[in-house]
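S.K.: Let me give you the structure first, and then I'll get to my questions.
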4 protein chains.
Amino acid sequence: MSASFANVPLQWVGPVKIAGSEIDVETELPLATYETPLFASVNRGARVATASGGIKAVVIDERMSRSVLFEAPDAIVAFQCLEKIKAEFPKFGTVVATTSRFAKLIDMHSQIAGNLLFIRFEFTTGDASGHNMVTLASDALMTRILELCPALKYESISGNFCSDKKATAVNGILGRGKYVVAELTVPGKLVQKYLKSTPEKIVQLNIRKNLIGTMLAGGLRSANAHYANMLLAFYLATGQDAANIIEGSQGITQAEVRNGDLWFSVTVPNLIVGTVGNGKGLPFVEEVMQKLGCREPCSAEGYAGQDRREPGANARRLALICSAAVLCGELSLMAALTNPGELMAAHRKLERTSP
Amino acid sequence: MSASFANVPLQWVGPVKIAGSEIDVETELPLATYETPLFASVNRGARVATASGGIKAVVIDERMSRSVLFEAPDAIVAFQCLEKIKAEFPKFGTVVATTSRFAKLIDMHSQIAGNLLFIRFEFTTGDASGHNMVTLASDALMTRILELCPALKYESISGNFCSDKKATAVNGILGRGKYVVAELTVPGKLVQKYLKSTPEKIVQLNIRKNLIGTMLAGGLRSANAHYANMLLAFYLATGQDAANIIEGSQGITQAEVRNGDLWFSVTVPNLIVGTVGNGKGLPFVEEVMQKLGCREPCSAEGYAGQDRREPGANARRLALICSAAVLCGELSLMAALTNPGELMAAHRKLERTSP
Amino acid sequence: MSASFANVPLQWVGPVKIAGSEIDVETELPLATYETPLFASVNRGARVATASGGIKAVVIDERMSRSVLFEAPDAIVAFQCLEKIKAEFPKFGTVVATTSRFAKLIDMHSQIAGNLLFIRFEFTTGDASGHNMVTLASDALMTRILELCPALKYESISGNFCSDKKATAVNGILGRGKYVVAELTVPGKLVQKYLKSTPEKIVQLNIRKNLIGTMLAGGLRSANAHYANMLLAFYLATGQDAANIIEGSQGITQAEVRNGDLWFSVTVPNLIVGTVGNGKGLPFVEEVMQKLGCREPCSAEGYAGQDRREPGANARRLALICSAAVLCGELSLMAALTNPGELMAAHRKLERTSP
Amino acid sequence: MSASFANVPLQWVGPVKIAGSEIDVETELPLATYETPLFASVNRGARVATASGGIKAVVIDERMSRSVLFEAPDAIVAFQCLEKIKAEFPKFGTVVATTSRFAKLIDMHSQIAGNLLFIRFEFTTGDASGHNMVTLASDALMTRILELCPALKYESISGNFCSDKKATAVNGILGRGKYVVAELTVPGKLVQKYLKSTPEKIVQLNIRKNLIGTMLAGGLRSANAHYANMLLAFYLATGQDAANIIEGSQGITQAEVRNGDLWFSVTVPNLIVGTVGNGKGLPFVEEVMQKLGCREPCSAEGYAGQDRREPGANARRLALICSAAVLCGELSLMAALTNPGELMAAHRKLERTSP
C-alpha cells in the first residue's frame, strides 16, 4: 500500500496568557489527539488561567544527551581511560563543531560497570530537539576517544544511559530536553466559578493522588495526573517526536493554598521539543509554528539574514507554551476529580462511544 | 481556528509472518510517525523475520485497571473496611454488569497508606482498550462500597495506583493491557545476510546496553532499545490512545545464541490497544483495522449476528500484530548498533534534514 | 582468628504507649546502633507520643515470599505451564505442609519474560520471619512443578522476583513481611512543648522533603526521612536479619494539620521480623524478647503446651512495637529539621567525634 | 534499663588476595552477622578467588553528599537564585574550610520543583564516611546562600535529594560513597573444583536472575543476588553506619565466559565506609581496623606526625577490602544456586534452627 497519513483530530483551544522568561503572549494552544475530551478539558484550564491573570513559566535548563558505550579490558583500564577522557574534555568542543553549527557540548557524565565504560555527552542543540545532532556529534567524539584510548573498543553509539524514550531516572537528574516550570495562582472565587471546586480540595487531592498514589504505584520521578495526554496532543500538533512523551511525562504537580487562593504548578523537566528537524516540514506543522510565533529567524551564522532571535529561542518559546498546555489540562482534571461523577459525565458527553 | 487534522505520515511495511496463540497470518504492518526512518528499520526486521520462518507470539494476560481512592478516619478503620470489601468481592460482578456488557471484574488489589485506602479493580474489557469502561464500572463500585462502608469518604475515582500513562512499576507487576511475548529464531547466516551482524554481537549488545545500560540509567522495568518508537507508530496508525506508550515502553528484550542461531524475544507486558472505542471511528482507522483482520464481528449479545469471535479476540489479534512490529524494529536497530556508524548513516540517508 | 562478637551499643528508650490491633501496652523500645544520637531522638518521640495519648498501630497484612525460576523452551510453553500450575495451586498446600508446621501458602504471582517463567510463592510463616521456611517450601513446590511440567527446567530456587534485600517495587505492591501502619495525633501545644515546632511546619516539610524531595531523587516507594536508622537499631536489638532494612526502608510518612493538632503517620509495608529463627538464640535477644512480651508460647501443635497465642501473634506484636519506634524517630527528626541548626547541634552534643 | 550491647557474631574468613588501585594485600575478611551461614559462603568465595590469583579492585570515585532545601517565592526567583549560587560556587570552598580540615567541596547539583530549590553539595571527606562533616559544611553553605539570596528561605538542611539510606536512583547516578569495581577471573577447572558449577551456568543465571529477574521486580539500579548480606556483615564488623547498606545494595554483578574461564565482577557504586568517626572508637573496631591495615596515620595537618598516607587512603583501602567481601559472597551464592537443592542443604547444615 502506498504512503498515506494518519489523520489525528487537531484543535486550537484557549487562548491562554503566558508570561515569564523570554515570553509574554496570549495564544491559543494546538492539540492533536484521538482523545477528544481533552480539548474541552485544556480549554477550561486555559480560561481559568487567563481569568486569573495568566501563567508564569520559566526554562530552567536545556540540553540533549547521547551516551556512548565502550568495552575496556578491565575496570582499572576503564577508569584510567575515563581519567584521560575527562582531561581531554576541554578539547571536545572543537570535535563537535566539525559536525554541526548548532550543537555545543556543555557537560559529560559517566558510569563504569565492570569493564564497561558509558560516557553521556550533553549538548545544547539550538532550535532542534537534537536527537540526530547529538548522535552525529557523539559519533565524532567516539572516534576521537578511540584514538585517545586504544585500549577501548566500540560497543555502541547508544548505551541506554542517554536515555531516549524510556522510563528512567537519569533524565530528570542530569537533564534532557527543556526543564520548564509553569505556575498559576487562581483566586478562590475563580476556583469555584470555573472549576467547581475549592483550593483545599485540589491541594489535598494532589498530595493523596499525585504524590502518595504514584509513590505507591512504584512511580519514578512522577507525580501528576495526566501530563502524557497534553504532551502527546501538543507534540503531534507541532510535529515533535511524540515517543519522547515517556520522559516528558515524568513531572511533578504541586498545589498550595495561599491566602485562600490556589497556587498550582507543573514542573516538566524533560520537554523534548524543537522548531526545526524531523516532522517540521509538513505543511500543517509549518502553519502551527507560524501561529505560535516560533518561526522567527534566528541569528546563527548562515542560518538567516535577520538577527532576530538567538538559536534555541524559538524552541524555548515552544516549550514554554507547551508547559502552559500541560498546566491547563492538569488543573482541569484535578478539579474534576474532586467531584464524584464529574469525570465520567464529561467523557460520556464528549465521546462518541462505539457500538 | 476550526477543527482540522494533524497529518502523520503512515506506511505499511513488511509483510511479516506471525504464528502463535490465536493467530497465523502473514500481514503488512501499519506505522504512522514523523520519524520516517522507522519505516525502513521495521521493514528490514520484517523481512528477516519472514525469511527465518516467522515470529511466534502469545498473549499471556489481559486486563484494564482503575484504582479508586477513599479516605478513612484512620488506618484501623481503613483496614476494617478493606476486609469488608474483600468479603464482598464476589458480589461486585453484578454491580459491574449494570454498567457494561463487556467489562468483567477479574481481580482486585489494594494499598493502605495512613488513613488512605486505594482499591485497584482489574477487568477484562472485550475488544476495547477499556479506559472509559473501567472508569464507569469503578464509579458504580465506589458507590456500592460507600454504601457498604459509611466510614469511608470519596477522595478520587482515580488514585494513581491504576496507573495510567505514567512511568510506574505497578502495571508490569499486576498487569495492565495485553501482556504479549513475541520471539524469533534467526539462522546465523540470515543474521549476516539481512542484518550485517552476528548472533554473538547482538546478544552481547543486548546485555550491555539494554540490560546493564538501562539499569545504570535508573530504568524501571525497562530493558530495550526503542519499543516506544514502534508503539507510537502502531498506535497512531490504528487509532489507539498513544499516551499509553508510556507503560507500553516498559518491556524487556532478550537474546541468546542457540546452536549458532540468534534467538530474539520481546516481552511487552502493557500493550493497551483496542479495536473499538475512541479514535476507532475515523475512516483511515477503519480501513487499517479491516486490512489487519481485526474487524470480525464478535459473539457478544447484541453486538453482531454472526458468532465469529469471542469479545476480545479482535483486540488480542491486534496486540499480537503490534508485538511483531515491536520485535522487527527492535531487532533491526540492535543489529545496526553493532556496526559503528551504521545508525547515523541510515538517518542521514532517510531523513530530510532541516536547513 | 577465632569467633568473637561485634558489640553494638544497645539502649532502651521510652517508654511509649501503643494500642491497636492485637496490642495495648506501654513499653520501652530496644535500639542497638553505632549512631548513638538516635537514642535521644527516638526517646523524644516516645515521650511526646505517650504524652499525646499513645500510638495506634495495625498490621494490615503479613507474608513471606520466594520466587522460583524455570526455563521453558519458548514463551508459549511457559504460558501453557503457567496455566497448569495455576490449576494445580489448590493442591500446593499439602506439598508445603510436608516441609513445615508453620508455613501456609496463601498466594502466587508470576511473570514470563521470553522463555523464562518466574513463580512467586507467598506464605504466612508463623512467628518466624520465614526466609528459610519459604525456601524449603519452594524447593518442594519446584520439585512438584517439574513433575507436573516436564517441559520446564530448573533455573534457580531464587529468581529475584522475591525480592530479598534489594531496592525493588514488588515487595510493596505484592507484600513481603508485616505491612504495618502506625499513627499519632499530637495536640498543637505538645508539638511546641516537646518538639519545638508547629504542626504546620512539620506538614509542609513532609510534603517538600519526604514526598517531593524523594521523588526528585528517583526514590522508589519511599517517602520518609530516616526509617532505615530505626529499623537497623531495632533489628539488631532483637536478633533480626538486618539486611532486610532495605525493603523495610521503603515506607511513607504522612502528616496533616487536623483542628490545630498534628496527625502523623508511618506506613511501613515491609517489616521482616520474627521472634523465632536465626539470631534469636543469643542470650541478650532472649532477654529483649521477654521484656517486649514476645515470648508467649503459641498454640501450634507440638510447639508448646499452653495455648496462649496463635502462631504469628508474637511476631505481629514485635512488628507493631517496631513501627512505634519508627514513628517516634521519624517524628523527632522531622521536627528537628524545621529548625535551622538544630540537627547539627544535637549531633555535636551527642557524638564523640574521632580525632 | 542501663546501656548494654547487642552481641553480633563476628568471624574472620578467607584470607583473600586483593590487588589494584592503592592496594596489594592478602587479608582475612571480618564479618559480623546473625546470618551465620554467610561466613562459610564468603569463605568459599575467598578460597576460590585466592586460588585463581586474586581479586582486582579499583576505586572509581568518592564523595559524600548533602542536599539542602530552600523555598523561593516562585520558580523564576528560584531559578535566578540558582544562577547566582552557581556563579558563587568557586568561593564556597573557603566557606567549607571553616567547618572542617578534611571536607572539600567538589561538585554541586540542583533541582527546582515549583518554587522549591534543592542544592546537592558533594564533598570528599578524608577518611570519614562523612555524614556529619557534610551536614556541618552544608549548614555553613546555607547560611552563605541565605545572605547571598535574601529572597530564599530555609526549608531544611536535608531535602532528601542527598539521598541518605533510601532506595533512590540519585546516588548511583551522581555518586555517594566510594564507587568500587572488583573483578576476578576463575579458571574453568577451579569453577568446577571449588564452586561445583560451570562458567556457562553462572553466566546464564546472572543474566536471568540478577539482570532480568530484578528488572521484573521493579528493581532500581540493582542487579545482584545478595550484596546486602555482605555489606551488613562487613559494616557491623568495622563500626560503620550499617543503615547505608540501602544505597550500598544497589550494585551490579556481571559475568562472562572468557576462553572457557569465568570472568566475574561486582560494581558497588555506593560504599559508604570510613575509618574514623562514629562507631570507630569501640575497642573491637579498633582491633579490626588495625588488622586490616587501615590505621596508618594520614598526612593531614595536625592529624599525625608521620606522613604515611594522604587523607582518604585508609578509607579507600577499607572500601576495596569490602568490595572483595562482596565479590566472594556473591560468587559463592550464585554458584550454589546453579545446583538444585544446594542452597537449602547449606542452610540446614549451618544454622541452628530455633525450637
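By convention in this document, the chains of the C-alpha cells carry letters A, B, ... by their order, each chain's residues are numbered from 1, and ligands are numbered from 1 in the order they are shown.
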Check the DSSP output for the backbone and give back, as a ChimeraX atom specification, the residues of region 152-248 of chain D in helix (DSSP H, G or I).
M.R.: /D:170-174,188-195,199-216,227-237,242-248
S.K.: Compile the contact shell of Lys280 (chain B) as a PyMOL selection string: residues with an atom at most 12 Å away, counting only C-alpha atoms, same-chain residues fewer than 5 positions apart removed.
M.R.: (chain A and resi 6-8+34-35+351-355) or (chain B and resi 127-129+235-241+273-275+285-290+294-295)
S.K.: Produce a file of the selected residues containing N, CA, C and O atoms, as a compact mmCIF listing (two decimals), in the first residue's frame.
M.R.:
# COMPACT_ATOMS: atom_id res chain seq x y z
N ALA A 6 -1.99 9.25 8.79
CA ALA A 6 -2.92 9.07 9.91
C ALA A 6 -3.45 10.46 10.24
O ALA A 6 -2.67 11.38 10.48
N ASN A 7 -4.76 10.61 10.22
CA ASN A 7 -5.36 11.92 10.44
C ASN A 7 -5.82 12.04 11.88
O ASN A 7 -6.84 11.49 12.27
N VAL A 8 -5.05 12.75 12.65
CA VAL A 8 -5.35 12.88 14.07
C VAL A 8 -6.08 14.21 14.29
O VAL A 8 -5.56 15.26 13.92
N TYR A 34 -6.59 11.58 19.49
CA TYR A 34 -7.86 10.84 19.33
C TYR A 34 -8.75 10.98 20.56
O TYR A 34 -9.93 10.67 20.51
N GLU A 35 -8.14 11.39 21.70
CA GLU A 35 -8.91 11.51 22.96
C GLU A 35 -9.52 12.90 23.01
O GLU A 35 -9.10 13.77 23.76
N GLU A 351 -17.55 12.02 24.16
CA GLU A 351 -17.03 10.99 23.29
C GLU A 351 -18.14 10.28 22.53
O GLU A 351 -19.21 10.02 23.07
N ARG A 352 -17.84 9.96 21.30
CA ARG A 352 -18.73 9.07 20.59
C ARG A 352 -18.34 7.66 21.01
O ARG A 352 -17.24 7.20 20.72
N THR A 353 -19.21 6.98 21.71
CA THR A 353 -18.86 5.62 22.13
C THR A 353 -19.16 4.66 20.98
O THR A 353 -20.09 4.86 20.20
N SER A 354 -18.37 3.63 20.91
CA SER A 354 -18.54 2.64 19.85
C SER A 354 -19.71 1.73 20.17
O SER A 354 -20.14 1.63 21.32
N PRO A 355 -20.22 1.06 19.19
CA PRO A 355 -21.36 0.18 19.41
C PRO A 355 -20.99 -0.98 20.32
O PRO A 355 -19.88 -1.46 20.27
N ASP B 127 -13.16 -6.05 23.35
CA ASP B 127 -12.27 -5.55 22.30
C ASP B 127 -11.85 -4.10 22.49
O ASP B 127 -11.11 -3.56 21.67
N ALA B 128 -12.32 -3.47 23.55
CA ALA B 128 -11.92 -2.10 23.81
C ALA B 128 -10.66 -2.09 24.67
O ALA B 128 -10.42 -3.01 25.45
N SER B 129 -9.85 -1.04 24.52
CA SER B 129 -8.74 -0.90 25.46
C SER B 129 -9.31 -0.69 26.86
O SER B 129 -8.73 -1.14 27.84
N TYR B 235 0.35 2.63 17.27
CA TYR B 235 -0.83 3.17 17.96
C TYR B 235 -1.48 4.27 17.13
O TYR B 235 -2.71 4.32 17.00
N LEU B 236 -0.65 5.15 16.57
CA LEU B 236 -1.23 6.23 15.77
C LEU B 236 -1.88 5.66 14.51
O LEU B 236 -2.92 6.16 14.06
N ALA B 237 -1.31 4.62 13.95
CA ALA B 237 -1.85 4.05 12.71
C ALA B 237 -3.15 3.30 12.95
O ALA B 237 -3.91 3.06 12.01
N THR B 238 -3.39 2.91 14.20
CA THR B 238 -4.58 2.09 14.48
C THR B 238 -5.56 2.79 15.43
O THR B 238 -6.43 2.14 16.02
N GLY B 239 -5.40 4.10 15.59
CA GLY B 239 -6.38 4.85 16.36
C GLY B 239 -6.37 4.62 17.86
O GLY B 239 -7.36 4.85 18.55
N GLN B 240 -5.22 4.21 18.39
CA GLN B 240 -5.12 3.97 19.84
C GLN B 240 -4.85 5.28 20.58
O GLN B 240 -4.42 6.27 19.99
N ASP B 241 -5.03 5.22 21.89
CA ASP B 241 -4.60 6.32 22.76
C ASP B 241 -3.09 6.19 22.94
O ASP B 241 -2.61 5.43 23.79
N VAL B 273 -4.25 -1.69 23.78
CA VAL B 273 -4.83 -1.49 22.44
C VAL B 273 -6.25 -2.06 22.40
O VAL B 273 -6.58 -2.97 23.14
N GLY B 274 -7.04 -1.49 21.52
CA GLY B 274 -8.40 -2.00 21.31
C GLY B 274 -8.77 -1.85 19.85
O GLY B 274 -8.12 -1.11 19.10
N THR B 275 -9.84 -2.53 19.48
CA THR B 275 -10.32 -2.40 18.10
C THR B 275 -11.62 -1.61 18.04
O THR B 275 -12.12 -1.32 16.96
N VAL B 285 -8.71 4.64 10.11
CA VAL B 285 -8.54 3.60 11.13
C VAL B 285 -9.37 2.38 10.75
O VAL B 285 -8.93 1.23 10.85
N GLU B 286 -10.58 2.65 10.30
CA GLU B 286 -11.46 1.56 9.90
C GLU B 286 -10.80 0.71 8.80
O GLU B 286 -10.80 -0.52 8.86
N GLU B 287 -10.21 1.42 7.86
CA GLU B 287 -9.54 0.74 6.75
C GLU B 287 -8.36 -0.10 7.24
O GLU B 287 -8.16 -1.24 6.81
N VAL B 288 -7.59 0.48 8.16
CA VAL B 288 -6.44 -0.24 8.71
C VAL B 288 -6.92 -1.49 9.46
O VAL B 288 -6.35 -2.58 9.30
N MET B 289 -7.95 -1.35 10.27
CA MET B 289 -8.47 -2.49 11.05
C MET B 289 -8.93 -3.61 10.11
O MET B 289 -8.67 -4.79 10.35
N GLN B 290 -9.64 -3.21 9.07
CA GLN B 290 -10.09 -4.20 8.09
C GLN B 290 -8.90 -4.97 7.52
O GLN B 290 -8.90 -6.21 7.50
N CYS B 294 -8.98 -7.30 11.87
CA CYS B 294 -9.47 -7.04 13.22
C CYS B 294 -10.90 -6.50 13.21
O CYS B 294 -11.32 -5.80 14.14
N ARG B 295 -11.62 -6.80 12.17
CA ARG B 295 -12.99 -6.32 12.10
C ARG B 295 -13.99 -7.47 12.00
O ARG B 295 -15.11 -7.29 11.54
S.K.: Please tabulate, as JSON lines, the residues of chain C that come within 9 Å of chain A, each with its closest pair of atoms and the distance in Å to one decimal, counting only C-alpha atoms and ordering rows by chain, then residue number upward.
M.R.:
{"residue": "C:Thr168", "atom": "CA", "partner": "A:Gly218", "partner_atom": "CA", "distance": 8.7}
{"residue": "C:Ala169", "atom": "CA", "partner": "A:Gly218", "partner_atom": "CA", "distance": 5.7}
{"residue": "C:Val170", "atom": "CA", "partner": "A:Gly218", "partner_atom": "CA", "distance": 8.5}
{"residue": "C:Gly172", "atom": "CA", "partner": "A:Leu216", "partner_atom": "CA", "distance": 7.6}
{"residue": "C:Ile173", "atom": "CA", "partner": "A:Ala217", "partner_atom": "CA", "distance": 7.4}
{"residue": "C:Ile207", "atom": "CA", "partner": "A:Ile207", "partner_atom": "CA", "distance": 7.7}
{"residue": "C:Leu211", "atom": "CA", "partner": "A:Leu211", "partner_atom": "CA", "distance": 6.4}
{"residue": "C:Ile212", "atom": "CA", "partner": "A:Leu211", "partner_atom": "CA", "distance": 7.4}
{"residue": "C:Thr214", "atom": "CA", "partner": "A:Arg221", "partner_atom": "CA", "distance": 8.6}
{"residue": "C:Met215", "atom": "CA", "partner": "A:Arg221", "partner_atom": "CA", "distance": 5.0}
{"residue": "C:Leu216", "atom": "CA", "partner": "A:Arg221", "partner_atom": "CA", "distance": 5.7}
{"residue": "C:Ala217", "atom": "CA", "partner": "A:Ile173", "partner_atom": "CA", "distance": 7.3}
{"residue": "C:Gly218", "atom": "CA", "partner": "A:Arg221", "partner_atom": "CA", "distance": 5.4}
{"residue": "C:Gly219", "atom": "CA", "partner": "A:Leu220", "partner_atom": "CA", "distance": 6.9}
{"residue": "C:Leu220", "atom": "CA", "partner": "A:Gly218", "partner_atom": "CA", "distance": 5.9}
{"residue": "C:Arg221", "atom": "CA", "partner": "A:Met215", "partner_atom": "CA", "distance": 5.0}
{"residue": "C:Ser222", "atom": "CA", "partner": "A:Met215", "partner_atom": "CA", "distance": 7.1}
{"residue": "C:Ala223", "atom": "CA", "partner": "A:Met215", "partner_atom": "CA", "distance": 8.0}
{"residue": "C:Ile252", "atom": "CA", "partner": "A:Ile212", "partner_atom": "CA", "distance": 8.0}
{"residue": "C:Gln254", "atom": "CA", "partner": "A:Ile212", "partner_atom": "CA", "distance": 8.9}
S.K.: Neighbours of Arg258 (chain D) within 12 Å (only C-alpha atoms; same-chain residues fewer than 3 positions away dropped), as a PDB file with all heavy atoms, in the first residue's frame?
M.R.:
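Now in part27.pdb:
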ATOM      1  N   PRO A  73      39.416  -3.639  28.664  1.00  0.00           N
ATOM      2  CA  PRO A  73      39.846  -4.970  29.105  1.00  0.00           C
ATOM      3  C   PRO A  73      39.413  -5.268  30.540  1.00  0.00           C
ATOM      4  O   PRO A  73      39.043  -6.392  30.862  1.00  0.00           O
ATOM      5  CB  PRO A  73      41.378  -4.900  29.001  1.00  0.00           C
ATOM      6  CG  PRO A  73      41.665  -3.751  28.107  1.00  0.00           C
ATOM      7  CD  PRO A  73      40.532  -2.782  28.270  1.00  0.00           C
TER       8      PRO A  73
ATOM      9  N   LEU D 184      37.358 -10.648  38.966  1.00  0.00           N
ATOM     10  CA  LEU D 184      38.087 -11.889  39.209  1.00  0.00           C
ATOM     11  C   LEU D 184      37.911 -12.773  37.996  1.00  0.00           C
ATOM     12  O   LEU D 184      36.816 -12.838  37.430  1.00  0.00           O
ATOM     13  CB  LEU D 184      37.460 -12.581  40.434  1.00  0.00           C
ATOM     14  CG  LEU D 184      37.916 -13.989  40.786  1.00  0.00           C
ATOM     15  CD1 LEU D 184      39.352 -13.958  41.312  1.00  0.00           C
ATOM     16  CD2 LEU D 184      36.986 -14.586  41.837  1.00  0.00           C
ATOM     17  N   THR D 185      38.981 -13.440  37.608  1.00  0.00           N
ATOM     18  CA  THR D 185      38.856 -14.467  36.564  1.00  0.00           C
ATOM     19  C   THR D 185      39.157 -15.825  37.185  1.00  0.00           C
ATOM     20  O   THR D 185      40.252 -16.046  37.710  1.00  0.00           O
ATOM     21  CB  THR D 185      39.810 -14.182  35.397  1.00  0.00           C
ATOM     22  OG1 THR D 185      39.499 -12.892  34.865  1.00  0.00           O
ATOM     23  CG2 THR D 185      39.640 -15.235  34.303  1.00  0.00           C
ATOM     24  N   VAL D 186      38.189 -16.718  37.139  1.00  0.00           N
ATOM     25  CA  VAL D 186      38.341 -18.047  37.721  1.00  0.00           C
ATOM     26  C   VAL D 186      38.511 -19.058  36.585  1.00  0.00           C
ATOM     27  O   VAL D 186      37.611 -19.209  35.748  1.00  0.00           O
ATOM     28  CB  VAL D 186      37.113 -18.443  38.561  1.00  0.00           C
ATOM     29  CG1 VAL D 186      37.355 -19.772  39.276  1.00  0.00           C
ATOM     30  CG2 VAL D 186      36.757 -17.346  39.551  1.00  0.00           C
ATOM     31  N   PRO D 187      39.652 -19.763  36.559  1.00  0.00           N
ATOM     32  CA  PRO D 187      39.820 -20.796  35.529  1.00  0.00           C
ATOM     33  C   PRO D 187      38.671 -21.818  35.582  1.00  0.00           C
ATOM     34  O   PRO D 187      38.192 -22.159  36.674  1.00  0.00           O
ATOM     35  CB  PRO D 187      41.156 -21.461  35.909  1.00  0.00           C
ATOM     36  CG  PRO D 187      41.900 -20.395  36.665  1.00  0.00           C
ATOM     37  CD  PRO D 187      40.829 -19.630  37.409  1.00  0.00           C
ATOM     38  N   GLY D 188      38.251 -22.258  34.418  1.00  0.00           N
ATOM     39  CA  GLY D 188      37.122 -23.192  34.329  1.00  0.00           C
ATOM     40  C   GLY D 188      37.249 -24.369  35.286  1.00  0.00           C
ATOM     41  O   GLY D 188      36.270 -24.761  35.938  1.00  0.00           O
ATOM     42  N   PRO D 199      31.336 -22.105  34.304  1.00  0.00           N
ATOM     43  CA  PRO D 199      31.224 -20.694  33.920  1.00  0.00           C
ATOM     44  C   PRO D 199      29.914 -20.426  33.173  1.00  0.00           C
ATOM     45  O   PRO D 199      29.253 -19.414  33.428  1.00  0.00           O
ATOM     46  CB  PRO D 199      32.441 -20.487  33.019  1.00  0.00           C
ATOM     47  CG  PRO D 199      33.449 -21.461  33.512  1.00  0.00           C
ATOM     48  CD  PRO D 199      32.652 -22.675  33.926  1.00  0.00           C
ATOM     49  N   GLU D 200      29.537 -21.311  32.274  1.00  0.00           N
ATOM     50  CA  GLU D 200      28.329 -21.098  31.465  1.00  0.00           C
ATOM     51  C   GLU D 200      27.086 -20.987  32.344  1.00  0.00           C
ATOM     52  O   GLU D 200      26.229 -20.137  32.117  1.00  0.00           O
ATOM     53  CB  GLU D 200      28.143 -22.250  30.461  1.00  0.00           C
ATOM     54  CG  GLU D 200      29.142 -22.257  29.317  1.00  0.00           C
ATOM     55  CD  GLU D 200      30.545 -22.762  29.738  1.00  0.00           C
ATOM     56  OE1 GLU D 200      30.669 -23.329  30.843  1.00  0.00           O
ATOM     57  OE2 GLU D 200      31.504 -22.564  28.964  1.00  0.00           O
ATOM     58  N   VAL D 203      27.086 -17.653  34.284  1.00  0.00           N
ATOM     59  CA  VAL D 203      26.809 -16.514  33.395  1.00  0.00           C
ATOM     60  C   VAL D 203      25.320 -16.465  33.047  1.00  0.00           C
ATOM     61  O   VAL D 203      24.686 -15.405  33.108  1.00  0.00           O
ATOM     62  CB  VAL D 203      27.670 -16.619  32.112  1.00  0.00           C
ATOM     63  CG1 VAL D 203      27.187 -15.640  31.054  1.00  0.00           C
ATOM     64  CG2 VAL D 203      29.133 -16.364  32.454  1.00  0.00           C
ATOM     65  N   ALA D 255      28.986 -11.202  34.648  1.00  0.00           N
ATOM     66  CA  ALA D 255      29.728 -12.453  34.465  1.00  0.00           C
ATOM     67  C   ALA D 255      29.806 -12.752  32.979  1.00  0.00           C
ATOM     68  O   ALA D 255      28.855 -12.501  32.245  1.00  0.00           O
ATOM     69  CB  ALA D 255      29.027 -13.594  35.210  1.00  0.00           C
ATOM     70  N   ASP D 261      37.039 -19.678  30.809  1.00  0.00           N
ATOM     71  CA  ASP D 261      37.118 -19.283  32.224  1.00  0.00           C
ATOM     72  C   ASP D 261      35.938 -18.383  32.579  1.00  0.00           C
ATOM     73  O   ASP D 261      35.226 -17.895  31.713  1.00  0.00           O
ATOM     74  CB  ASP D 261      38.432 -18.538  32.486  1.00  0.00           C
ATOM     75  CG  ASP D 261      39.646 -19.409  32.179  1.00  0.00           C
ATOM     76  OD1 ASP D 261      39.518 -20.649  32.271  1.00  0.00           O
ATOM     77  OD2 ASP D 261      40.699 -18.836  31.829  1.00  0.00           O
ATOM     78  N   LEU D 262      35.760 -18.188  33.862  1.00  0.00           N
ATOM     79  CA  LEU D 262      34.675 -17.314  34.331  1.00  0.00           C
ATOM     80  C   LEU D 262      35.237 -15.954  34.724  1.00  0.00           C
ATOM     81  O   LEU D 262      36.067 -15.860  35.641  1.00  0.00           O
ATOM     82  CB  LEU D 262      33.994 -17.947  35.551  1.00  0.00           C
ATOM     83  CG  LEU D 262      32.956 -17.055  36.247  1.00  0.00           C
ATOM     84  CD1 LEU D 262      31.727 -16.857  35.365  1.00  0.00           C
ATOM     85  CD2 LEU D 262      32.551 -17.647  37.598  1.00  0.00           C
ATOM     86  N   TRP D 263      34.784 -14.913  34.044  1.00  0.00           N
ATOM     87  CA  TRP D 263      35.085 -13.552  34.495  1.00  0.00           C
ATOM     88  C   TRP D 263      33.876 -13.084  35.292  1.00  0.00           C
ATOM     89  O   TRP D 263      32.734 -13.184  34.841  1.00  0.00           O
ATOM     90  CB  TRP D 263      35.344 -12.631  33.303  1.00  0.00           C
ATOM     91  CG  TRP D 263      35.519 -11.193  33.700  1.00  0.00           C
ATOM     92  CD1 TRP D 263      36.652 -10.606  34.177  1.00  0.00           C
ATOM     93  CD2 TRP D 263      34.532 -10.156  33.637  1.00  0.00           C
ATOM     94  NE1 TRP D 263      36.430  -9.280  34.433  1.00  0.00           N
ATOM     95  CE2 TRP D 263      35.140  -8.974  34.115  1.00  0.00           C
ATOM     96  CE3 TRP D 263      33.196 -10.119  33.248  1.00  0.00           C
ATOM     97  CZ2 TRP D 263      34.448  -7.754  34.201  1.00  0.00           C
ATOM     98  CZ3 TRP D 263      32.501  -8.922  33.331  1.00  0.00           C
ATOM     99  CH2 TRP D 263      33.125  -7.754  33.798  1.00  0.00           C
ATOM    100  N   PHE D 264      34.139 -12.588  36.499  1.00  0.00           N
ATOM    101  CA  PHE D 264      33.055 -12.265  37.432  1.00  0.00           C
ATOM    102  C   PHE D 264      33.380 -10.926  38.076  1.00  0.00           C
ATOM    103  O   PHE D 264      34.497 -10.693  38.536  1.00  0.00           O
ATOM    104  CB  PHE D 264      32.976 -13.361  38.493  1.00  0.00           C
ATOM    105  CG  PHE D 264      31.715 -13.327  39.324  1.00  0.00           C
ATOM    106  CD1 PHE D 264      30.561 -13.962  38.874  1.00  0.00           C
ATOM    107  CD2 PHE D 264      31.681 -12.675  40.550  1.00  0.00           C
ATOM    108  CE1 PHE D 264      29.399 -13.953  39.626  1.00  0.00           C
ATOM    109  CE2 PHE D 264      30.514 -12.655  41.309  1.00  0.00           C
ATOM    110  CZ  PHE D 264      29.373 -13.293  40.851  1.00  0.00           C
TER     111      PHE D 264
END
S.K.: Using only C-alpha atoms, determine which residues lie at most 8 Å from Pro9 (chain A), disregarding the query and same-chain residues fewer than 5 positions distant; provide the list as a list of chain:residue names.
M.R.: A:Ala32, A:Thr33, A:Tyr34, A:Thr36, B:Ala3, B:Ser4, B:Phe5, B:Ala6
S.K.: Please run DSSP on the backbone and report, as a ChimeraX atom specification, all residues within region 95-150 of chain D that come out as strand (DSSP E or B).
M.R.: /D:104-113,116-124,128
S.K.: Report, in Å to a single decimal, how far apart CA of Val13 (chain C) and CA of Ser323 (chain C) are.
M.R.: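 Between these atoms lies a distance of 14.3 Å.
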S.K.: Could you name the residues that touch Met64 (chain D) at 6 Å or less, counting only C-alpha atoms, but leaving out those on the same chain fewer than 4 positions away, as a ChimeraX atom specification?
M.R.: /D:122-123,176-177
